[in-house]
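Following: one structure in structure tokens, then a few remarks.
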Amino acid sequence: MELSDLHDIAARERANRPPVEIRCCSAAGCVSSNSPAVLEELRGAVQSAGLQDRVKVAAVGCMRLCCQGPLVQTVPDGALYQKVTPESAPSIIAGLQGGQVTAERCDAAAPFFTQQASVVLENSGKIEPERIEAYIAVEGYHALHHVLREMTPAEVIQTITRSGLRGRGGAGYPTGVKWATVAKNPGERKYVVCNADEGDPGAFMNRSVLESDPHRVLEGMAIAGYAVGASQGYIYCRGEYPLAIERLQKAIKQANQRGLLGTDIFASPFDFRIDIRIGAGAFVCGEETALMASIMGGRGTPTPRPPYPAEKGLWEMPTLLNNVETFANVAAIIRRGPEWFAGIGTERSKGTKVFCLTGKVVNTGLVEVPLGTPLRRIVEDIGGGAPDGGTIKAVQTGGPSGGCIPAEFLDTPVDYESLAKLGSIMGSGGMIVMDQTTNMVDVARYFMEFCMDESCGKCVPCRAGTVQLHRLLSRILAAEAGPEDMQRLEALCQMVRDTSLCGLGQTAPNPTLSTIHYFRAEYEALLQKAGPGQRRRLPLVAATDNSR
Amino acid sequence: MSVTTLTIDGKLISASQDETILDAARGAGIQIPTLCYVDGLSAHGGCRLCLVEIGGSSRLQPACFMKVAEGMVVQTDTEKLREYRKMIVELLFAEGNHVCSICVANGNCELQTQAMDVGMDHERLDYTYPQRQVDLSHERFGIDHNRCILCTRCVRACDELEGAHTWDVAGRGSNSKVVTDLNQPWGDSPTCTSCGKCFMACPTGAIFKQGATVAEMDHHRAKLEFLVNAREKKQWHV
């Protein structure tokens with residue numbers, strides 16, 4: 001494979017493109033609302049209208065407005081259709097010949113689309129994720145070629161450092177620094193690992209990227225492999241993402257066949273293999289040390305850091321661990337330059353971030369915005385505000401490790417530091433909007449239940465502490481708790497945060513602490529409601545959940 | 001091997017570079033409470049009793065894992081740590097069914113000792129009264145999961161010293177428990193060599209010798225370290 005081969009493939013792809021393309025979303029959101037049948041109908045209608053030479057029906061990735069799926073778009077006119085059914089689909093083809101289109105139109109000029117940015121999702125909903133040629137036609141793997149032939153590993157790391165990219169898994173660690181650390185740590189082998197164990201409730205950014213543009217992640221990993229000196233990569237994908245896994249497998253196979261992964265890539269001495277490891281349903285395996293234990297075939301439980309993976313990771317070797325979205329940014333940074341990337345976002349948070357907007361909001365789906373975008377623009381302009389005339393009460397970010405940001409802080413810019421200042425975190429990108437009907441104690445209890453269920457059981461504070469916290473929250477919610485329970489709740493929250501072994505336990509109290517901080521009145525109202533006389537102890541029954 | 005100097009509880013001490021804070025502290029006569037740690041086995045880091053404060057870091061670190069470093073300032077016994085340790089022991093008591101007065105390990109139990117050391121005079125949390133099982137299928141030993149604190153000492157002793165790896169952990173969170181082989185009765189385990197190292201390692205009365213009385217529950221935990229020293233350092237004189 002040479003650069004000219006890439007150009008040839010891209011040219012052929014462009015030459016074979018019919019004048020009209022009908023794009024039908026084939027990512028999991030639309031698949032669940034029957035887009036495979038829509039796709040089938042569209043293809044059938046093209047056949048029966050005899051338009052095969054003029055019209056191509058393409059199964060593309062996510063078009064972001066998941067709540068209105070299945071989405072279909074005709075190109076080049078850009079007409080977008082929502083909630084397309086197998087019945088209404090053929091009318092879109094008829095429309096091309098001047099017929100009446102019965103499919104519901106979606107306003108592609110709505111703020112939901114126009115206020116968004118496109119870096120990570122630049123190809124999403126535009127190219128066919130299952131064909132490597134489609135990716136190559138949009139300059140795919142050109143960055144890898146450039147890196148292997150024109151740059152030294154140190155220059156690649158410098159480029160990433162200059163871009164200001166920070167880890168998109170949630171913690172926001174500077175990616176360039178991490179790469180440099182792995183590159184400098186001595187080891188006879190090194191590894192690159194992509195964390196695709198996305199598990200926060202309400203988060204599906206990584207799934208969308210993997211289903212819509214899998215080659216982008218592979219290219220980013222290969223560039224990282226070259227930069228840090230690794231020849232083996234692993235993608236740790238959660239087992240609940242069968243479609244993402246299938247597309248990744250296909251993508252890896254195609255890249256191997258084309259010589260874009262494997263040995264002597266682009267006729268250079270650089271070898272890079274990528275294998276997939278599939279999670280078995282444990283949320284804790286998204287924690288890096290547990291993830292590595294799982295890759296190595298052990299029980300997915302965390303181990304204390306230090307040593308960090310960059311020093312001693314997989315099989316005690318230096319290991320680079322980054323999130324899907326982090327890798328998805330890499331090729332674009334190489335292609336368009338670090339200055340371009342650093343020009344997006346704020347002083348300390350560069351680039352864009354993909355969020356999953358869900359909950360009590362009109363437009364739910366995938367949102368990519370420059371970092372530093374005010375929260376209000378995301379939930380009110382892009383999201384369309386609360387449905388049915390409701391008012392937004394709070395926005396939960398960062399899933400079970402994050403916090404609730406009350407409506408009075410909606411003008412906060414969304415970047416790593418501003419969210420941390422409000423007691424929440426950026427997290428991986430889940431953004432759950434809550435309206436006036438939401439009980440914040442219930443929210444805290446829900447997330448605590450999630451952490452309790454997902455605790456691996458290795459360390460005492462997380463294993464036993466979350467059980468106690470969940471009981472206290474349940475009792476407060478049921479108006480059966482007194483002020484001393486509230487004190488105990490706060491003390492225990494601090495203790496679990498300070499003493500747990502890994503990030504799961506350390507951050508498990510965050511939703512509770514943040515709701516106590518901003519919505520203490522709701523807790524107190526429930527304590528008042530219980531009253532001194534009514535306070536009951538829970539019955540003495542087995543509570544560690546044989547019933548669960 | 002180079003030597004570093006560090007301060008633990010205001011005391012200037014020297015330690016070799018690859019030592020943990022726990023080793024260094026013990027060498028200097030400073031006791032840090034532990035429960036999942038046992039001499040001779042790898043560190044686990046699960047009980048969190050040995051957490052210490054390290055100057056310049058806001059995060060507490062387990063002394064059994066954390067390596068010493070030059071100029072490190074360690075606090076092992078602050079008010080915050082004492083309160084957290086007490087809560088950890090309370091969490092353990094609330095999580096299982098620990099009734100000292102009818103336990104075969106009464107007087108020989110590390111959980112009980114820790115409870116006394118941290119000054120736990122009553123339980124501030126709700127007992128959860130889990131329904132757990134007792135396995136008496138093994139001809140010599142038994143396990144009462146009600147008394148298990150999931151320290152995984154048995155798992156590590158069986159794996160690292162005996163090489164049988166009969167024990168492991170199954171399940172997750174508060175539903176996790178130690179199992180023999182593929183979660184089958186201990187007596188049916190084809191890998192168990194009946195060596196008794198799990199019994200020696202167990203800090204509570206969870207793993208016991210059948211037919212033993214309270215007075216006979218001395219666990220010989222030092223034997224594990226003796227075995228490791230004899231094998232690895234060729235030191236077998238006690």
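Residue numbering restarts at 1 for every chain of the structure tokens, chains are lettered A, B, ... in their displayed order, and ligands are numbered from 1 as they appear.
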
- Query: Near region 217-232 of chain A, counting only C-alpha atoms, which residues have an atom at most 8 Å away, once you skip same-chain residues fewer than 5 positions from it, shown as a ChimeraX atom specification?
  - Reply: /A:140-141,143-144,147-148,152-154,156-157,179-180,182-184,189-194,210,252,261,270-275,320,324-325,327-331

With 12 Å as the cut-off and only C-alpha atoms counted, what is the closest atom pair between each nearby residue of region 46-83 of chain B and region 149-163 of chain B? Distances in Å to one decimal, ordered by chain and number, as JSON lines.
```
{"residue": "B:Gly46", "atom": "CA", "partner": "B:Cys151", "partner_atom": "CA", "distance": 6.8}
{"residue": "B:Cys47", "atom": "CA", "partner": "B:Cys151", "partner_atom": "CA", "distance": 6.8}
{"residue": "B:Arg48", "atom": "CA", "partner": "B:Cys151", "partner_atom": "CA", "distance": 10.5}
{"residue": "B:Leu49", "atom": "CA", "partner": "B:Cys151", "partner_atom": "CA", "distance": 11.5}
```

Would you output that residue set with C-alpha atoms, as a PDB file, in the first residue's frame?
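Full text of out39.pdb as output:
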```
ATOM      1  CA  GLY B  46      -8.945  -4.253  49.573  1.00  0.00           C
ATOM      2  CA  CYS B  47      -9.554  -3.697  53.275  1.00  0.00           C
ATOM      3  CA  ARG B  48      -8.340  -0.062  53.240  1.00  0.00           C
ATOM      4  CA  LEU B  49      -7.377  -0.224  56.936  1.00  0.00           C
TER       5      LEU B  49
END
```

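Note that the spacing between CA of Val119 (chain A) and CA of Gly351 (chain A) amounts to 8.1 Å.
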
Using only C-alpha atoms, what does the table of chain B residues within 10 Å of chain A look like, with each row giving the shortest atom pair and its distance in Å to one decimal, sorted by chain and ascending number, as JSON lines?
```
{"residue": "B:Cys36", "atom": "CA", "partner": "A:Cys459", "partner_atom": "CA", "distance": 9.8}
{"residue": "B:Ala43", "atom": "CA", "partner": "A:Thr303", "partner_atom": "CA", "distance": 9.9}
{"residue": "B:His44", "atom": "CA", "partner": "A:Thr303", "partner_atom": "CA", "distance": 7.9}
{"residue": "B:Gly45", "atom": "CA", "partner": "A:Pro304", "partner_atom": "CA", "distance": 6.9}
{"residue": "B:Gly46", "atom": "CA", "partner": "A:Cys459", "partner_atom": "CA", "distance": 4.0}
{"residue": "B:Cys47", "atom": "CA", "partner": "A:Val460", "partner_atom": "CA", "distance": 5.5}
{"residue": "B:Arg48", "atom": "CA", "partner": "A:Thr499", "partner_atom": "CA", "distance": 6.5}
{"residue": "B:Leu49", "atom": "CA", "partner": "A:Thr499", "partner_atom": "CA", "distance": 9.0}
{"residue": "B:Leu51", "atom": "CA", "partner": "A:Thr499", "partner_atom": "CA", "distance": 7.5}
{"residue": "B:Val52", "atom": "CA", "partner": "A:Thr499", "partner_atom": "CA", "distance": 9.9}
{"residue": "B:Ser58", "atom": "CA", "partner": "A:Asp498", "partner_atom": "CA", "distance": 9.0}
{"residue": "B:Arg59", "atom": "CA", "partner": "A:Asp498", "partner_atom": "CA", "distance": 7.0}
{"residue": "B:Leu60", "atom": "CA", "partner": "A:Thr499", "partner_atom": "CA", "distance": 6.7}
{"residue": "B:Gln61", "atom": "CA", "partner": "A:Pro304", "partner_atom": "CA", "distance": 8.3}
{"residue": "B:Pro62", "atom": "CA", "partner": "A:Pro304", "partner_atom": "CA", "distance": 8.0}
{"residue": "B:Phe65", "atom": "CA", "partner": "A:Pro304", "partner_atom": "CA", "distance": 7.2}
{"residue": "B:Met66", "atom": "CA", "partner": "A:Pro306", "partner_atom": "CA", "distance": 7.4}
{"residue": "B:Lys67", "atom": "CA", "partner": "A:Pro306", "partner_atom": "CA", "distance": 8.9}
{"residue": "B:Lys80", "atom": "CA", "partner": "A:Met495", "partner_atom": "CA", "distance": 9.3}
{"residue": "B:Leu81", "atom": "CA", "partner": "A:Thr499", "partner_atom": "CA", "distance": 9.4}
{"residue": "B:Glu83", "atom": "CA", "partner": "A:Met495", "partner_atom": "CA", "distance": 8.9}
{"residue": "B:Tyr84", "atom": "CA", "partner": "A:Met495", "partner_atom": "CA", "distance": 6.2}
{"residue": "B:Arg85", "atom": "CA", "partner": "A:Thr499", "partner_atom": "CA", "distance": 9.5}
{"residue": "B:Met87", "atom": "CA", "partner": "A:Met495", "partner_atom": "CA", "distance": 8.0}
{"residue": "B:Ile88", "atom": "CA", "partner": "A:Pro461", "partner_atom": "CA", "distance": 6.6}
{"residue": "B:Val89", "atom": "CA", "partner": "A:Val460", "partner_atom": "CA", "distance": 9.0}
{"residue": "B:Glu90", "atom": "CA", "partner": "A:Ala464", "partner_atom": "CA", "distance": 9.7}
{"residue": "B:Leu91", "atom": "CA", "partner": "A:Ala464", "partner_atom": "CA", "distance": 5.9}
{"residue": "B:Leu92", "atom": "CA", "partner": "A:Ala464", "partner_atom": "CA", "distance": 7.1}
{"residue": "B:Phe93", "atom": "CA", "partner": "A:Ala464", "partner_atom": "CA", "distance": 9.7}
{"residue": "B:Ala94", "atom": "CA", "partner": "A:Ala464", "partner_atom": "CA", "distance": 8.1}
{"residue": "B:Glu95", "atom": "CA", "partner": "A:Ala464", "partner_atom": "CA", "distance": 6.1}
{"residue": "B:Gly96", "atom": "CA", "partner": "A:Thr544", "partner_atom": "CA", "distance": 9.3}
{"residue": "B:Arg124", "atom": "CA", "partner": "A:Arg488", "partner_atom": "CA", "distance": 8.6}
{"residue": "B:Leu125", "atom": "CA", "partner": "A:Gln468", "partner_atom": "CA", "distance": 7.3}
{"residue": "B:Asp126", "atom": "CA", "partner": "A:Gln468", "partner_atom": "CA", "distance": 7.3}
{"residue": "B:Tyr127", "atom": "CA", "partner": "A:Leu540", "partner_atom": "CA", "distance": 8.2}
{"residue": "B:Thr128", "atom": "CA", "partner": "A:Ala543", "partner_atom": "CA", "distance": 5.2}
{"residue": "B:Tyr129", "atom": "CA", "partner": "A:Ala542", "partner_atom": "CA", "distance": 5.0}
{"residue": "B:Pro130", "atom": "CA", "partner": "A:Ala542", "partner_atom": "CA", "distance": 4.9}
{"residue": "B:Gln131", "atom": "CA", "partner": "A:Ala542", "partner_atom": "CA", "distance": 6.3}
{"residue": "B:Arg132", "atom": "CA", "partner": "A:Asn546", "partner_atom": "CA", "distance": 9.5}
{"residue": "B:Ile149", "atom": "CA", "partner": "A:Val460", "partner_atom": "CA", "distance": 8.7}
{"residue": "B:Leu150", "atom": "CA", "partner": "A:Lys458", "partner_atom": "CA", "distance": 7.6}
{"residue": "B:Cys151", "atom": "CA", "partner": "A:Lys458", "partner_atom": "CA", "distance": 8.1}
{"residue": "B:Thr152", "atom": "CA", "partner": "A:Lys458", "partner_atom": "CA", "distance": 8.9}
{"residue": "B:Asp168", "atom": "CA", "partner": "A:Arg299", "partner_atom": "CA", "distance": 9.4}
{"residue": "B:Val169", "atom": "CA", "partner": "A:Arg299", "partner_atom": "CA", "distance": 8.5}
{"residue": "B:Ala170", "atom": "CA", "partner": "A:Arg299", "partner_atom": "CA", "distance": 9.0}
{"residue": "B:Gly171", "atom": "CA", "partner": "A:Cys456", "partner_atom": "CA", "distance": 8.1}
{"residue": "B:Arg172", "atom": "CA", "partner": "A:Cys456", "partner_atom": "CA", "distance": 4.8}
{"residue": "B:Gly173", "atom": "CA", "partner": "A:Gly457", "partner_atom": "CA", "distance": 3.7}
{"residue": "B:Ser174", "atom": "CA", "partner": "A:Arg463", "partner_atom": "CA", "distance": 5.6}
{"residue": "B:Asn175", "atom": "CA", "partner": "A:Thr544", "partner_atom": "CA", "distance": 7.3}
{"residue": "B:Ser176", "atom": "CA", "partner": "A:Gly457", "partner_atom": "CA", "distance": 6.3}
{"residue": "B:Lys177", "atom": "CA", "partner": "A:Gly457", "partner_atom": "CA", "distance": 8.9}
```

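Excluding Thr391 (chain A) itself and same-chain residues fewer than 5 positions from it, the residues having an atom within 10 Å of it are Lys360, Val361, Gly385, Ala386, Ala407, Met434, Asp435, Gln436 and Thr437 of chain A, counting only C-alpha atoms.
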
Residues of the last selection are to be written out with C-alpha atoms, as a short mmCIF file (atom, residue, chain, number, x, y, z; two decimals), in the first residue's frame.
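To be explicit, this is the file written out as selection_0.cif:
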```cif
data_model
loop_
_atom_site.label_atom_id
_atom_site.label_comp_id
_atom_site.auth_asym_id
_atom_site.auth_seq_id
_atom_site.Cartn_x
_atom_site.Cartn_y
_atom_site.Cartn_z
CA LYS A 360 -36.46 15.68 29.80
CA VAL A 361 -35.46 17.53 26.68
CA GLY A 385 -35.55 22.83 26.25
CA ALA A 386 -37.87 20.75 28.39
CA ALA A 407 -30.62 25.43 36.29
CA MET A 434 -34.18 16.91 34.44
CA ASP A 435 -37.33 18.98 34.74
CA GLN A 436 -39.39 20.23 37.66
CA THR A 437 -40.99 16.81 38.22
#
```

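When DSSP reads the backbone of this structure, the residues of region 164-200 of chain A it assigns to helix (DSSP H, G or I) are A:Thr175, A:Gly176, A:Val177, A:Lys178, A:Trp179, A:Ala180, A:Thr181, A:Val182, A:Ala183, A:Lys184.
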
Would you mind listing, for every residue of region 253-344 of chain A within 12 Å of region 171-174 of chain A, the two atoms forming the shortest contact and the distance between them in Å to one decimal, using only C-alpha atoms, sorted by chain and ascending residue number, as a Markdown table?
```
| residue | atom | partner | partner_atom | distance |
| --- | --- | --- | --- | --- |
| A:Glu287 | CA | A:Ala171 | CA | 11.4 |
| A:Glu288 | CA | A:Ala171 | CA | 11.9 |
| A:Leu321 | CA | A:Tyr173 | CA | 11.2 |
| A:Asn322 | CA | A:Tyr173 | CA | 9.8 |
| A:Asn323 | CA | A:Gly172 | CA | 10.5 |
| A:Glu325 | CA | A:Gly172 | CA | 11.8 |
| A:Thr326 | CA | A:Gly172 | CA | 9.9 |
```

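For Gly55 (chain B), the residues within 7 Å (counting only C-alpha atoms, excluding itself and residues fewer than 2 positions away along the chain) are Glu53, Ser57, Met72, Val73 and Val74 of chain B.
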
Given the selection you just returned, output its residues as a file containing C-alpha atoms, formatted as a PDB file, in the first residue's frame.
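Wrote again02.pdb, looks like this:
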```
ATOM      1  CA  GLU B  53      -1.767  10.182  54.565  1.00  0.00           C
ATOM      2  CA  SER B  57      -1.033  14.320  48.193  1.00  0.00           C
ATOM      3  CA  MET B  72       8.240  11.178  51.892  1.00  0.00           C
ATOM      4  CA  VAL B  73       6.259  12.370  54.897  1.00  0.00           C
ATOM      5  CA  VAL B  74       3.746   9.802  56.080  1.00  0.00           C
TER       6      VAL B  74
END
```

- Task: Give the strand (DSSP E) residues of region 111-166 of chain B, as DSSP finds them on the backbone, and put them as a PyMOL selection string.
- Result: chain B and resi 134-135+141-144

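Here CA of Val72 (chain A) and CA of Phe355 (chain A) stand 21.9 Å from one another.
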
- Item | Shell of 10 Å around region 96-101 of chain A, only C-alpha atoms, local chain residues under 6 positions omitted, as a ChimeraX atom specification | /A:20,49,51,55,74,81,88-90

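Going from CA of Leu80 (chain A) to CA of Pro111 (chain A) covers 14.2 Å.
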